[in-house]
Amino acid sequence: MAGDPATDTSPPREETENHTGQRFSLGIAGLTVRAEARSPALRFRVDGPSRDFLVEDGDAELVLDVSLRPLEETIEGELLFDSAGPWTLHDSGGRRVYRVFDRSVAAHPYTEVRLDPGGTTGELFVDPRLLEPGAATDPLTFPLDELLFLELLARHGGVELHACGVVDPSGRGLLFTGHSGHGKTTMASLWKTVPGSIVLSDDRIVVRRTSDGRWRMYGTPWHGEARLAASADAEVAGIYVLGRGTENAFGRMSRADAVTALLARSFPQFHSQSGLDSALSVLDGLAAQVPCRSFAFVPGPGAVRFVLENAG
């Protein structure tokens, strides 16, 4: 299961070459990151579930110039965050710098992103020493892709939740959020068997408010154990904070309790005051408009039937 980008050390996702060339755009939750090769020797591929999130080139919230460069083990500048695992964040000359490592292979990072002030453009460096000669590479592998989209969400009014997202047969968007082990994978697997339903993700969902004031939930490529991810979205009709119980039952939650529960099950930029403030604002607005209930459930088809009969 993909974990918190701050601590995840799981192996890279399945690598299946699908897209080759020197430019591609990845779109999630209405936001786009475009990668453009600046080194003639670079060829891109897009791996795993991210293939389904490729979008046509057009306007992008973040454009990255990608080139090959040997990367040093250390960097000049202020350390802003150390995940104690796969990535670090620095301030170097006013630019936010993400460095991503595979410490089982090398002490230096295998990729590095330097974001320009404003965060709409930047440079991405791939260390050629960790590439096979002539091989295509995916410059936006996890956790870098998620980290960059978290940057965009902080600036464009969105939040990523540790959640299973489902579109039920009637088109309602149902969001089941929980900590690891609380039943997201179980819930996703149960809904997968319901004709006419769509599982947007079994582990990561993005929520954003649209220009007309409605809240929508979006699938992401960062799946969990069930490996379910869909490039689709739906209006959020209800939010359910998961917990195991002896019977299927909803519980009422106050707005304050809902915001607290959602924050504890989200991925805000804890290393950034502005990012944290943005996430709190989004979650407060979400809890004010969308019903949020606790859901103690018994794993099994009865849990799905209970939701379908009582979620209105």
# chains A, B, ... in the order shown; residues from 1 in each chain; ligands from 1
>>> select_by_dssp(residues="segment 95-232 of chain A", states="strand (DSSP E or B)", output="count of residues only")
49
>>> select_by_dssp(residues="segment 81-251 of chain A", states="helix (DSSP H, G or I)", output="PDB file with N, CA and C atoms, in the first residue's frame")
ATOM      1  N   PRO A 128      21.758  10.660 -14.212  1.00  0.00           N
ATOM      2  CA  PRO A 128      21.955   9.649 -15.254  1.00  0.00           C
ATOM      3  C   PRO A 128      22.704   8.416 -14.773  1.00  0.00           C
ATOM      4  N   ARG A 129      23.378   8.524 -13.624  1.00  0.00           N
ATOM      5  CA  ARG A 129      24.143   7.376 -13.119  1.00  0.00           C
ATOM      6  C   ARG A 129      23.223   6.247 -12.677  1.00  0.00           C
ATOM      7  N   LEU A 130      21.956   6.554 -12.446  1.00  0.00           N
ATOM      8  CA  LEU A 130      21.007   5.541 -12.004  1.00  0.00           C
ATOM      9  C   LEU A 130      20.075   5.096 -13.120  1.00  0.00           C
ATOM     10  N   LEU A 144       7.367  11.575  -5.651  1.00  0.00           N
ATOM     11  CA  LEU A 144       7.514  12.923  -6.177  1.00  0.00           C
ATOM     12  C   LEU A 144       6.216  13.427  -6.794  1.00  0.00           C
ATOM     13  N   ASP A 145       5.516  12.571  -7.554  1.00  0.00           N
ATOM     14  CA  ASP A 145       4.273  13.029  -8.168  1.00  0.00           C
ATOM     15  C   ASP A 145       3.282  13.508  -7.108  1.00  0.00           C
ATOM     16  N   GLU A 146       3.148  12.755  -6.033  1.00  0.00           N
ATOM     17  CA  GLU A 146       2.206  13.142  -4.975  1.00  0.00           C
ATOM     18  C   GLU A 146       2.652  14.430  -4.287  1.00  0.00           C
ATOM     19  N   LEU A 147       3.930  14.575  -4.017  1.00  0.00           N
ATOM     20  CA  LEU A 147       4.433  15.781  -3.372  1.00  0.00           C
ATOM     21  C   LEU A 147       4.146  17.023  -4.209  1.00  0.00           C
ATOM     22  N   LEU A 148       4.312  16.926  -5.513  1.00  0.00           N
ATOM     23  CA  LEU A 148       4.068  18.072  -6.383  1.00  0.00           C
ATOM     24  C   LEU A 148       2.578  18.417  -6.444  1.00  0.00           C
ATOM     25  N   PHE A 149       1.730  17.406  -6.469  1.00  0.00           N
ATOM     26  CA  PHE A 149       0.300  17.697  -6.468  1.00  0.00           C
ATOM     27  C   PHE A 149      -0.160  18.244  -5.116  1.00  0.00           C
ATOM     28  N   LEU A 150       0.474  17.847  -4.031  1.00  0.00           N
ATOM     29  CA  LEU A 150       0.161  18.461  -2.744  1.00  0.00           C
ATOM     30  C   LEU A 150       0.518  19.944  -2.755  1.00  0.00           C
ATOM     31  N   GLU A 151       1.601  20.303  -3.425  1.00  0.00           N
ATOM     32  CA  GLU A 151       1.946  21.715  -3.599  1.00  0.00           C
ATOM     33  C   GLU A 151       0.819  22.446  -4.328  1.00  0.00           C
ATOM     34  N   LEU A 152       0.323  21.845  -5.412  1.00  0.00           N
ATOM     35  CA  LEU A 152      -0.734  22.484  -6.190  1.00  0.00           C
ATOM     36  C   LEU A 152      -2.033  22.582  -5.402  1.00  0.00           C
ATOM     37  N   LEU A 153      -2.364  21.535  -4.663  1.00  0.00           N
ATOM     38  CA  LEU A 153      -3.601  21.558  -3.883  1.00  0.00           C
ATOM     39  C   LEU A 153      -3.566  22.660  -2.826  1.00  0.00           C
ATOM     40  N   ALA A 154      -2.410  22.878  -2.219  1.00  0.00           N
ATOM     41  CA  ALA A 154      -2.298  23.927  -1.208  1.00  0.00           C
ATOM     42  C   ALA A 154      -2.549  25.304  -1.803  1.00  0.00           C
ATOM     43  N   ARG A 155      -2.223  25.477  -3.069  1.00  0.00           N
ATOM     44  CA  ARG A 155      -2.394  26.781  -3.720  1.00  0.00           C
ATOM     45  C   ARG A 155      -3.728  26.914  -4.441  1.00  0.00           C
ATOM     46  N   HIS A 156      -4.382  25.803  -4.720  1.00  0.00           N
ATOM     47  CA  HIS A 156      -5.600  25.858  -5.537  1.00  0.00           C
ATOM     48  C   HIS A 156      -6.825  25.291  -4.813  1.00  0.00           C
ATOM     49  N   LYS A 184     -10.613   0.739   4.749  1.00  0.00           N
ATOM     50  CA  LYS A 184     -10.739   1.349   3.414  1.00  0.00           C
ATOM     51  C   LYS A 184     -10.629   0.295   2.307  1.00  0.00           C
ATOM     52  N   THR A 185      -9.640  -0.580   2.424  1.00  0.00           N
ATOM     53  CA  THR A 185      -9.469  -1.621   1.411  1.00  0.00           C
ATOM     54  C   THR A 185     -10.660  -2.564   1.403  1.00  0.00           C
ATOM     55  N   THR A 186     -11.126  -2.928   2.578  1.00  0.00           N
ATOM     56  CA  THR A 186     -12.308  -3.788   2.672  1.00  0.00           C
ATOM     57  C   THR A 186     -13.508  -3.130   2.002  1.00  0.00           C
ATOM     58  N   MET A 187     -13.725  -1.844   2.311  1.00  0.00           N
ATOM     59  CA  MET A 187     -14.862  -1.132   1.730  1.00  0.00           C
ATOM     60  C   MET A 187     -14.735  -1.060   0.209  1.00  0.00           C
ATOM     61  N   ALA A 188     -13.541  -0.770  -0.287  1.00  0.00           N
ATOM     62  CA  ALA A 188     -13.339  -0.685  -1.734  1.00  0.00           C
ATOM     63  C   ALA A 188     -13.621  -2.029  -2.395  1.00  0.00           C
ATOM     64  N   SER A 189     -13.145  -3.109  -1.791  1.00  0.00           N
ATOM     65  CA  SER A 189     -13.355  -4.433  -2.366  1.00  0.00           C
ATOM     66  C   SER A 189     -14.838  -4.808  -2.381  1.00  0.00           C
ATOM     67  N   LEU A 190     -15.575  -4.413  -1.346  1.00  0.00           N
ATOM     68  CA  LEU A 190     -17.014  -4.685  -1.308  1.00  0.00           C
ATOM     69  C   LEU A 190     -17.759  -3.917  -2.391  1.00  0.00           C
ATOM     70  N   TRP A 191     -17.435  -2.648  -2.549  1.00  0.00           N
ATOM     71  CA  TRP A 191     -18.120  -1.824  -3.551  1.00  0.00           C
ATOM     72  C   TRP A 191     -17.757  -2.231  -4.969  1.00  0.00           C
ATOM     73  N   LYS A 192     -16.577  -2.789  -5.136  1.00  0.00           N
ATOM     74  CA  LYS A 192     -16.159  -3.225  -6.471  1.00  0.00           C
ATOM     75  C   LYS A 192     -17.114  -4.270  -7.037  1.00  0.00           C
TER      76      LYS A 192
END
>>> residues_around(residues="Arg216 of chain A", least_positions_apart="4", cutoff="9 Å", atoms="only C-alpha atoms", output="PyMOL selection string")
chain A and resi 29+173+206-210+233-237
>>> write_last_selection(atoms="C-alpha atoms", output="mmCIF file, in the first residue's frame")
data_model
loop_
_atom_site.group_PDB
_atom_site.id
_atom_site.type_symbol
_atom_site.label_atom_id
_atom_site.label_comp_id
_atom_site.auth_asym_id
_atom_site.auth_seq_id
_atom_site.Cartn_x
_atom_site.Cartn_y
_atom_site.Cartn_z
ATOM 1 C CA ALA A 29 -8.367 16.687 -9.693
ATOM 2 C CA GLY A 173 -20.116 10.228 -4.415
ATOM 3 C CA VAL A 206 -8.635 14.471 -3.550
ATOM 4 C CA VAL A 207 -11.505 16.803 -2.657
ATOM 5 C CA ARG A 208 -11.929 20.276 -4.167
ATOM 6 C CA ARG A 209 -14.685 22.873 -4.317
ATOM 7 C CA THR A 210 -15.784 23.771 -7.840
ATOM 8 C CA ASP A 233 -14.797 12.180 -10.205
ATOM 9 C CA ALA A 234 -18.179 12.769 -8.594
ATOM 10 C CA GLU A 235 -19.945 15.268 -6.385
ATOM 11 C CA VAL A 236 -19.510 14.373 -2.715
ATOM 12 C CA ALA A 237 -22.864 13.355 -1.218
#
>>> closest_residue(among="A:Arg43, A:Arg244, A:His108, A:Arg34", to="Glu132 of chain A", atoms="only C-alpha atoms")
A:Arg43
>>> closest_residue(among="A:Pro221, A:Ile239, A:Asn248, A:Ala35", to="Gly58 of chain A", atoms="only C-alpha atoms")
A:Ala35
>>> residues_around(residues="segment 272-285 of chain A", least_positions_apart="3", cutoff="12 Å", atoms="only C-alpha atoms", output="VMD selection string")
chain A and resid 80 to 81 89 to 91 96 150 to 161 206 to 210 213 to 215 239 254 to 269 288 to 292
>>> residues_around(residues="Ala60 of chain A", least_positions_apart="5", cutoff="10 Å", atoms="only C-alpha atoms", output="ChimeraX atom specification")
/A:25-27,30-35,120-121
>>> residues_around(residues="Ser50 of chain A", least_positions_apart="4", cutoff="9 Å", atoms="only C-alpha atoms", output="PyMOL selection string")
chain A and resi 26+46+54+141+220-222
>>> residues_around(residues="Leu308 of chain A", least_positions_apart="5", cutoff="12 Å", atoms="only C-alpha atoms", output="PyMOL selection string")
chain A and resi 166-174+191+194+197+238+301-303
>>> closest_residue(among="A:Tyr98, A:Phe24, A:Phe306, A:Phe250", to="Glu78 of chain A", atoms="only C-alpha atoms")
A:Tyr98
>>> closest_residue(among="A:Gly118, A:Asp65, A:Ala37, A:Pro143", to="Arg99 of chain A", atoms="only C-alpha atoms")
A:Pro143
>>> closest_residue(among="A:Leu286, A:Ala135, A:Ile28, A:Ala163", to="Arg45 of chain A", atoms="only C-alpha atoms")
A:Ala135
>>> closest_residue(among="A:Cys164, A:Val63, A:Leu242, A:Leu140", to="Gly219 of chain A", atoms="only C-alpha atoms")
A:Cys164
>>> atom_distance(atom1="atom CA of His271 of chain A", atom2="atom CA of Ala84 of chain A")
13.6 Å
>>> atom_distance(atom1="atom CA of Gly165 of chain A", atom2="atom CA of Glu56 of chain A")
24.9 Å
>>> decode(residues="segment 27-135 of chain A", atoms="C-alpha atoms", output="compact mmCIF listing (two decimals), in the first residue's frame")
# COMPACT_ATOMS: atom_id res chain seq x y z
CA GLY A 27 -3.77 15.52 -14.61
CA ILE A 28 -5.35 14.89 -11.19
CA ALA A 29 -8.37 16.69 -9.69
CA GLY A 30 -8.43 19.27 -12.46
CA LEU A 31 -4.77 20.21 -11.89
CA THR A 32 -1.96 19.46 -14.32
CA VAL A 33 1.79 18.95 -14.11
CA ARG A 34 3.63 18.93 -17.45
CA ALA A 35 7.11 17.48 -17.90
CA GLU A 36 9.22 18.61 -20.87
CA ALA A 37 12.60 17.06 -21.69
CA ARG A 38 15.50 19.47 -22.07
CA SER A 39 18.15 16.76 -22.57
CA PRO A 40 18.14 15.15 -26.04
CA ALA A 41 19.02 11.79 -24.50
CA LEU A 42 15.90 11.76 -22.33
CA ARG A 43 12.90 9.63 -23.25
CA PHE A 44 9.90 9.47 -20.96
CA ARG A 45 7.65 6.62 -20.01
CA VAL A 46 4.68 6.70 -17.65
CA ASP A 47 4.35 3.76 -15.30
CA GLY A 48 1.56 1.95 -13.51
CA PRO A 49 -1.80 3.58 -12.69
CA SER A 50 -0.48 7.01 -13.68
CA ARG A 51 -1.02 5.98 -17.31
CA ASP A 52 -4.75 6.52 -16.80
CA PHE A 53 -4.13 10.08 -15.61
CA LEU A 54 -2.35 11.30 -18.75
CA VAL A 55 -4.10 14.33 -20.23
CA GLU A 56 -3.77 16.29 -23.44
CA ASP A 57 -1.14 19.02 -23.40
CA GLY A 58 -2.62 22.43 -22.66
CA ASP A 59 -2.56 24.83 -19.77
CA ALA A 60 -0.71 23.43 -16.77
CA GLU A 61 -0.48 24.67 -13.19
CA LEU A 62 3.13 23.45 -13.04
CA VAL A 63 5.57 23.08 -15.94
CA LEU A 64 8.86 21.29 -15.30
CA ASP A 65 11.93 21.38 -17.54
CA VAL A 66 13.53 17.93 -17.18
CA SER A 67 17.21 17.31 -17.78
CA LEU A 68 20.00 14.92 -16.82
CA ARG A 69 22.41 16.00 -14.12
CA PRO A 70 24.58 14.12 -11.61
CA LEU A 71 23.24 15.02 -8.16
CA GLU A 72 25.30 15.58 -5.04
CA GLU A 73 24.61 13.90 -1.72
CA THR A 74 24.15 17.27 0.01
CA ILE A 75 22.69 20.62 -1.02
CA GLU A 76 23.30 24.19 0.06
CA GLY A 77 20.32 25.82 1.70
CA GLU A 78 17.96 25.45 4.64
CA LEU A 79 16.50 22.03 5.38
CA LEU A 80 12.72 22.50 5.71
CA PHE A 81 11.69 18.88 6.14
CA ASP A 82 13.31 15.46 6.31
CA SER A 83 10.99 12.49 5.85
CA ALA A 84 13.62 10.25 7.46
CA GLY A 85 13.15 8.09 4.39
CA PRO A 86 12.70 8.75 0.69
CA TRP A 87 12.65 12.55 0.42
CA THR A 88 13.76 15.89 1.80
CA LEU A 89 12.63 19.47 1.24
CA HIS A 90 14.97 22.46 1.23
CA ASP A 91 14.95 26.19 0.65
CA SER A 92 17.81 27.02 -1.68
CA GLY A 93 18.08 30.62 -2.80
CA GLY A 94 14.34 31.16 -2.44
CA ARG A 95 13.43 28.00 -4.36
CA ARG A 96 11.72 24.99 -2.79
CA VAL A 97 13.78 21.91 -3.59
CA TYR A 98 12.48 18.35 -3.31
CA ARG A 99 15.11 15.60 -3.36
CA VAL A 100 14.05 11.95 -3.71
CA PHE A 101 16.30 9.04 -2.71
CA ASP A 102 16.60 5.30 -3.02
CA ARG A 103 19.13 4.84 -0.24
CA SER A 104 19.43 1.12 -0.95
CA VAL A 105 21.10 2.09 -4.22
CA ALA A 106 22.94 5.37 -3.62
CA ALA A 107 23.47 8.06 -0.98
CA HIS A 108 22.68 10.81 -3.48
CA PRO A 109 19.15 11.46 -4.78
CA TYR A 110 17.97 9.95 -8.03
CA THR A 111 15.84 12.97 -8.84
CA GLU A 112 15.50 16.56 -7.68
CA VAL A 113 12.92 19.29 -8.35
CA ARG A 114 13.65 22.99 -7.95
CA LEU A 115 10.45 25.04 -7.92
CA ASP A 116 10.66 28.67 -8.97
CA PRO A 117 9.11 31.31 -6.68
CA GLY A 118 5.37 31.20 -7.31
CA GLY A 119 5.47 27.47 -7.94
CA THR A 120 4.24 27.46 -11.54
CA THR A 121 7.53 26.48 -13.17
CA GLY A 122 10.63 24.61 -12.16
CA GLU A 123 13.47 22.31 -13.08
CA LEU A 124 13.58 18.55 -12.60
CA PHE A 125 16.93 16.80 -12.65
CA VAL A 126 17.37 13.06 -13.16
CA ASP A 127 20.70 11.53 -12.17
CA PRO A 128 21.96 9.65 -15.25
CA ARG A 129 24.14 7.38 -13.12
CA LEU A 130 21.01 5.54 -12.00
CA LEU A 131 19.63 5.06 -15.53
CA GLU A 132 20.39 2.26 -17.93
CA PRO A 133 21.88 3.67 -21.16
CA GLY A 134 19.12 4.51 -23.62
CA ALA A 135 16.32 3.50 -21.26
